[in-house]
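Beneath this line is the structure, given in C-alpha cells, with notes to follow.
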Amino acid sequence: MCGIAAIFETPTSSDGPRDIEATLLEMLGKISHRGAAERFGERFIFSNAAIGTNRLPIVEREENNQPFIDKISGHAIIFNGEIYNLDELRLILLSQGVEFLGCSDTELVLRAYIHWGRSCLNRFNGIFAFIIYSPEDNTVFAARDRLGVKPLYWAQVGSVLYFASELKALIGLTNKTQDILPGYYWEDGRQKAYYLISESIERQLDCKSAVTKCNELLHLSVKRQVNTDLPVGVVFSGGLDSAIILYLANLYHNNVTAYTVGVAGSSDVIFAQRLCKELGIKIVVCDVERADLMQSIRAYIYVSEQFEPVDITDALTINAAFSRMKEDGIRIALSGDGSDELFAGYDFFQGVSDRRALQLHKVRNLYRTDLQRVDRMSMFNTVECRVPFLDKDLFDFIISLPMEFHVRDYFTKALLRDAFSLELPDYITRRPKMRMSEGSGIGGLIFDVLQSMNESLDNKPFPLEDDAVNNAALIFQELGFGLPTSRYKIQGLDYHSGGWTTSKTADVDKNLISHPTIQG
C-alpha cells in the first residue's frame, strides 16, 4: 500500500517541467503520509517519464521495492493496494509458464497484465490503483479497482500527463483534474469500463439460503483480509457492521484491537465496551480533539479533499481512531464501510419508493464519499484500511438480491442481521443504524461551526444550499481544489436536514442499553 505519482511527456513535448524528477518528488512530497518515512520517493526516471511511490510495506516488506520493472519487456509498474487472491492467481500464472522473482502483489499485477492483457483486471479480488509504463513505445496503462476503494487521479497540461493518488499532489500543476473512475482503465487518453455494477436481480434464491451464503462469504472475506503477520486494528462503533468485522477478525487473527471513537457515556462507547468485554478483545476508546475546531475543520477539508459537511464530520471523527492506531504501531485496519449502502442500512430505505434505485445510487457514489474519507484519513496516518463488505465475491452476490430481503418490518439490513443472529448478541444485531457522529456524541457540532464561519457568501458555489455547505465549499476552493458543478450528496437520499439519521434511533439505543436482551 502506498501513494503513487507519475509524469509522462511526449518525446517532442515543450510543455513539461524543466526537471521532471524534481516535479515528481514535489508531487510525492504532498502525499508523503501515504508511505513509511524510510520509503519516501522510491522512483525511476526515464527519458520521457518519471514514476514513483511512497511505500507502506505490508507484503514482502523488505524486498517489495517499487517501481518494479520487468527486465524482458521493459514494462514498469507503480502499484497502490492489495490483491487478496494473490496466491491463487500466482499459481495459475506459474502453471502457464510465467516466472516470478518474488511474491509481491506488485509483481503479480505486472505479470498478469503482460500475460493476460487488460482482461487481468477481472481476475483481481482486491483494492488497487496502478500505472504500467512501456518505455519502448511510451505508452501508459492505468486502472482502478471495481468500486474505487483506492484512488487515482489524472490531469493533462498541454502534452504532459500527470497521475497521482491524491488531488493535493496535483495542486500547483492544475486544478482541472479527473478521476480514473471505479471499474475503469485508462489507455490512449481515454477511459473504458472493465466492470459495471449489475442492475439485474436474482429471484430464484430464497431468503434463508441467501442468509446462509452471506454468512459464508463474509467469513471468507475477512479471513482473506486478515491474512497477515502484522497486528490488526478494527474501527469499531459498537454497531452491527463493525461488530461483525471485529468478531470475524478476532476469529481469524490472533492480534486484533478495537478502536472506538466517542465521548464517555455515548451509546457507541457503551455498546463497544460491552461486546469487547464479552469477546475478550482489547478496546481503545478515542475522543475527538475539539480544541481550535475552526482551524481543524480547514485541515480536515484539505486532508480528506471533501467539501460535504457530512463527510467532513465523519473524517474528523474517524481520524481519532486512525491517529491512535498510528501511535500504537498499527499498519493494517478494517472498517465496516460499504455495508449500509450494499445491505440497505440507512433509514432512507424505509421511506423511499424505489429502494433498488437508492441502493445503486449509494454504492455508485461510495468512491467519492465514504470510501474517499476512509482512504484519506487512514493513509494520512499511514494506516492501510481494508473494507471487507466490498469484497468482490460478497458484493456481487448481495447486489443481485431482491430488496425485500434487506428491508423487512421495521428493520433495515434485515438479511445481514439474520446472517449473524447466531454469532452475535441481539443487542448488536437489533441495534439500528446511527451515524458515526451521532453515536459517538459529536452530533451536529461540525455543522454548527461550518454554519457560523465568516466566509464570503456573496457568490455562493451552491446558491440553493445552506451556509454550512457553502462555507465548506469555499474553503475547499481556497485550498486549491477544483469544485464540481453540483454536490455529490442529495438531501432525502443521502442525509436528513442537519446531516444525520432520525432521532428515533437514539430512542431505540436507550432501550437496548436498558434492556439488552429485549425481544420483539
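Residue names in the C-alpha cells use chain letters A, B, ... in the order shown, residue numbers from 1 in each chain, and ligand numbers from 1 in the order shown.
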| If you run DSSP on the backbone, which residues of region 235-479 of chain A are strand (DSSP E or B), as number ranges by chain? | A: 235, 256-261, 282-286, 332-334, 384-386, 408, 411
| field | 9 Å contact set for Ser165 (chain A), only C-alpha atoms, chain neighbours under 4 positions out, as an MDAnalysis selection string | value | chainID A and resid 2:5 31 80 129 150:154 169
| message | What's around Phe405 (chain A) at 12 Å? Count only C-alpha atoms, leave out sequence neighbours fewer than 5 positions away in its own chain, and write the answer as a ChimeraX atom specification. | response | /A:201-203,205-211,214,342-345,355-356,398-400,411-419
| query | Among region 186-259 of chain A, which ones does DSSP place in helix (DSSP H, G or I), written as a ChimeraX atom specification? | reply | /A:207-225,240-252
| said: Measuring between only C-alpha atoms, which one of A:Gly262, A:Cys385, A:Asn471, A:Ile244 shows the shortest distance to Leu422 (chain A)? | reply: A:Ile244
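For the pair CA of Glu136 (chain A) and CA of Ile72 (chain A), the interatomic distance is 11.4 Å.
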| Shell of 12 Å around Glu26 (chain A), only C-alpha atoms, local chain residues under 2 positions omitted, as an NGL selection string | :A and (5-7 or 17 or 19-24 or 28-32 or 40-41 or 52-54 or 164 or 168-173)
So that I have them on file, write out the residues from the current selection with C-alpha atoms, as a compact mmCIF listing (two decimals), in the first residue's frame.
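Final file, result.txt:
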# COMPACT_ATOMS: atom_id res chain seq x y z
CA ALA A 5 2.64 9.63 -8.77
CA ALA A 6 3.79 9.78 -12.38
CA ILE A 7 4.63 12.22 -15.16
CA PRO A 17 8.66 20.68 -16.31
CA ASP A 19 13.30 18.98 -14.09
CA ILE A 20 10.90 16.07 -14.28
CA GLU A 21 12.45 14.32 -11.29
CA ALA A 22 12.14 17.39 -9.09
CA THR A 23 8.49 17.78 -10.09
CA LEU A 24 7.81 14.13 -9.29
CA LEU A 28 5.22 12.76 -3.81
CA GLY A 29 6.12 15.20 -1.04
CA LYS A 30 2.50 16.37 -0.84
CA ILE A 31 1.38 12.78 -0.19
CA SER A 32 4.36 11.62 1.88
CA PHE A 40 9.71 8.03 0.56
CA GLY A 41 10.29 8.78 -3.09
CA GLY A 52 7.48 6.95 -8.11
CA THR A 53 5.94 5.83 -4.84
CA ASN A 54 5.85 6.48 -1.14
CA ALA A 164 -1.39 10.82 -8.52
CA LYS A 168 -3.30 17.65 -3.45
CA ALA A 169 -0.35 16.18 -5.34
CA LEU A 170 -1.61 17.98 -8.46
CA ILE A 171 -2.21 21.39 -6.86
CA GLY A 172 0.12 23.90 -8.47
CA LEU A 173 0.17 21.97 -11.71
| remark: Counting only C-alpha atoms, closest pick from A:Arg408, A:Val363, A:Arg55, A:Ala333 relative to Ser378 (chain A) is A:Ala333
| task | Pick out the residues sitting within 12 Å of His361 (chain A), and hand them over as a VMD selection string; count only C-alpha atoms, and ignore anything fewer than 4 positions along from it in its own chain. | result | chain A and resid 197 199 341 to 342 344 349 354 to 357 365 to 367 369 488 to 490 493 to 494
Grab the residues selected above and save them as a PDB file, in the first residue's frame with N, CA and C atoms.
ATOM      1  N   ILE A 197     -21.473  -2.149 -12.277  1.00  0.00           N
ATOM      2  CA  ILE A 197     -22.332  -2.794 -11.282  1.00  0.00           C
ATOM      3  C   ILE A 197     -23.597  -3.309 -11.953  1.00  0.00           C
ATOM      4  N   GLU A 199     -27.336  -4.410 -12.639  1.00  0.00           N
ATOM      5  CA  GLU A 199     -28.643  -3.957 -12.176  1.00  0.00           C
ATOM      6  C   GLU A 199     -29.663  -5.097 -12.143  1.00  0.00           C
ATOM      7  N   GLU A 341     -24.705   0.912   2.454  1.00  0.00           N
ATOM      8  CA  GLU A 341     -25.095   1.134   1.067  1.00  0.00           C
ATOM      9  C   GLU A 341     -25.499  -0.178   0.397  1.00  0.00           C
ATOM     10  N   LEU A 342     -24.743  -1.239   0.646  1.00  0.00           N
ATOM     11  CA  LEU A 342     -24.989  -2.528  -0.008  1.00  0.00           C
ATOM     12  C   LEU A 342     -26.176  -3.257   0.595  1.00  0.00           C
ATOM     13  N   ALA A 344     -28.650  -1.952   2.453  1.00  0.00           N
ATOM     14  CA  ALA A 344     -29.803  -1.083   2.706  1.00  0.00           C
ATOM     15  C   ALA A 344     -29.944  -0.783   4.194  1.00  0.00           C
ATOM     16  N   PHE A 349     -34.032   3.952   3.289  1.00  0.00           N
ATOM     17  CA  PHE A 349     -34.546   2.795   2.562  1.00  0.00           C
ATOM     18  C   PHE A 349     -35.958   2.414   3.001  1.00  0.00           C
ATOM     19  N   ASP A 354     -38.465   3.649  -4.533  1.00  0.00           N
ATOM     20  CA  ASP A 354     -37.662   2.732  -5.344  1.00  0.00           C
ATOM     21  C   ASP A 354     -36.372   2.414  -4.594  1.00  0.00           C
ATOM     22  N   ARG A 355     -36.407   1.367  -3.787  1.00  0.00           N
ATOM     23  CA  ARG A 355     -35.254   1.017  -2.962  1.00  0.00           C
ATOM     24  C   ARG A 355     -34.064   0.554  -3.789  1.00  0.00           C
ATOM     25  N   ARG A 356     -34.334  -0.124  -4.889  1.00  0.00           N
ATOM     26  CA  ARG A 356     -33.242  -0.592  -5.730  1.00  0.00           C
ATOM     27  C   ARG A 356     -32.474   0.589  -6.323  1.00  0.00           C
ATOM     28  N   ALA A 357     -33.191   1.600  -6.804  1.00  0.00           N
ATOM     29  CA  ALA A 357     -32.535   2.783  -7.369  1.00  0.00           C
ATOM     30  C   ALA A 357     -31.691   3.483  -6.314  1.00  0.00           C
ATOM     31  N   ASN A 365     -21.865   5.907  -5.605  1.00  0.00           N
ATOM     32  CA  ASN A 365     -21.350   7.173  -5.088  1.00  0.00           C
ATOM     33  C   ASN A 365     -20.286   6.977  -4.017  1.00  0.00           C
ATOM     34  N   LEU A 366     -20.072   5.744  -3.590  1.00  0.00           N
ATOM     35  CA  LEU A 366     -19.157   5.468  -2.484  1.00  0.00           C
ATOM     36  C   LEU A 366     -17.746   5.996  -2.720  1.00  0.00           C
ATOM     37  N   TYR A 367     -17.260   5.895  -3.956  1.00  0.00           N
ATOM     38  CA  TYR A 367     -15.852   6.195  -4.223  1.00  0.00           C
ATOM     39  C   TYR A 367     -15.491   7.649  -3.944  1.00  0.00           C
ATOM     40  N   THR A 369     -17.328   9.576  -1.642  1.00  0.00           N
ATOM     41  CA  THR A 369     -17.865   9.962  -0.343  1.00  0.00           C
ATOM     42  C   THR A 369     -17.184   9.137   0.750  1.00  0.00           C
ATOM     43  N   TYR A 488     -22.312  16.057  -4.402  1.00  0.00           N
ATOM     44  CA  TYR A 488     -22.312  14.608  -4.543  1.00  0.00           C
ATOM     45  C   TYR A 488     -23.467  13.967  -3.773  1.00  0.00           C
ATOM     46  N   LYS A 489     -23.928  14.649  -2.728  1.00  0.00           N
ATOM     47  CA  LYS A 489     -24.971  14.090  -1.877  1.00  0.00           C
ATOM     48  C   LYS A 489     -26.263  14.877  -2.025  1.00  0.00           C
ATOM     49  N   ILE A 490     -27.373  14.158  -1.875  1.00  0.00           N
ATOM     50  CA  ILE A 490     -28.687  14.734  -2.100  1.00  0.00           C
ATOM     51  C   ILE A 490     -29.518  14.593  -0.831  1.00  0.00           C
ATOM     52  N   LEU A 493     -31.927  11.588   0.166  1.00  0.00           N
ATOM     53  CA  LEU A 493     -31.362  10.320  -0.302  1.00  0.00           C
ATOM     54  C   LEU A 493     -30.084   9.969   0.456  1.00  0.00           C
ATOM     55  N   ASP A 494     -29.306  10.989   0.801  1.00  0.00           N
ATOM     56  CA  ASP A 494     -28.021  10.759   1.466  1.00  0.00           C
ATOM     57  C   ASP A 494     -27.953  11.329   2.874  1.00  0.00           C
TER      58      ASP A 494
END
| Contacts of Leu167 (chain A) at 8 Å (only C-alpha atoms; same-chain gap of 6+ positions) as a PyMOL selection string | chain A and resi 153+177+305+481
Please, could you write that set of residues out with C-alpha atoms as an mmCIF file, in the first residue's frame?
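In the end it all went to out-v6.cif:
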data_model
loop_
_atom_site.group_PDB
_atom_site.id
_atom_site.type_symbol
_atom_site.label_atom_id
_atom_site.label_comp_id
_atom_site.auth_asym_id
_atom_site.auth_seq_id
_atom_site.Cartn_x
_atom_site.Cartn_y
_atom_site.Cartn_z
ATOM 1 C CA TYR A 153 -6.454 10.998 -10.464
ATOM 2 C CA THR A 177 -8.297 17.024 -12.640
ATOM 3 C CA GLU A 305 -10.282 16.520 -0.052
ATOM 4 C CA PHE A 481 -9.119 22.182 -5.216
#
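Of the listed residues A:Leu108, A:Leu246, A:Ser486, A:Arg298, the one whose atoms come nearest to Leu218 (chain A) is A:Leu246, with distances taken using only C-alpha atoms.
The gap separating CA of Val310 (chain A) from CA of Asn454 (chain A) is 19.5 Å, in Å to one decimal.
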Identify, on the basis of only C-alpha atoms, every residue whose closest approach to Gly482 (chain A) does not exceed 7 Å; exclude the query and any residue fewer than 5 positions from it along the same chain; express the result as a PDB file with N, CA, C and O atoms, in the first residue's frame.
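Contents of part.pdb, as written:
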ATOM      1  N   ASN A 175      -5.780  22.669 -11.607  1.00  0.00           N
ATOM      2  CA  ASN A 175      -6.924  22.299 -10.782  1.00  0.00           C
ATOM      3  C   ASN A 175      -8.017  21.643 -11.626  1.00  0.00           C
ATOM      4  O   ASN A 175      -9.124  21.430 -11.174  1.00  0.00           O
ATOM      5  N   LYS A 176      -7.656  21.323 -12.865  1.00  0.00           N
ATOM      6  CA  LYS A 176      -8.585  20.617 -13.753  1.00  0.00           C
ATOM      7  C   LYS A 176      -8.189  19.146 -13.792  1.00  0.00           C
ATOM      8  O   LYS A 176      -7.468  18.693 -14.677  1.00  0.00           O
ATOM      9  N   GLN A 477     -12.192  25.423  -2.213  1.00  0.00           N
ATOM     10  CA  GLN A 477     -11.624  26.171  -3.339  1.00  0.00           C
ATOM     11  C   GLN A 477     -10.385  26.962  -2.922  1.00  0.00           C
ATOM     12  O   GLN A 477      -9.394  27.002  -3.656  1.00  0.00           O
TER      13      GLN A 477
END
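Pairwise distance (CA of Tyr185 (chain A), CA of Arg118 (chain A)) equals 8.3 Å.
Distances here use only C-alpha atoms; by that measure, the residue among A:Ile330, A:Val256, A:Ile318, A:Cys276 closest to Thr382 (chain A) is A:Ile330.
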| query | Pick the closest to Ile442 (chain A) from A:Glu384, A:Asp393, A:Asp467, A:Asp314: which is it, counting only C-alpha atoms? | reply | A:Asp314
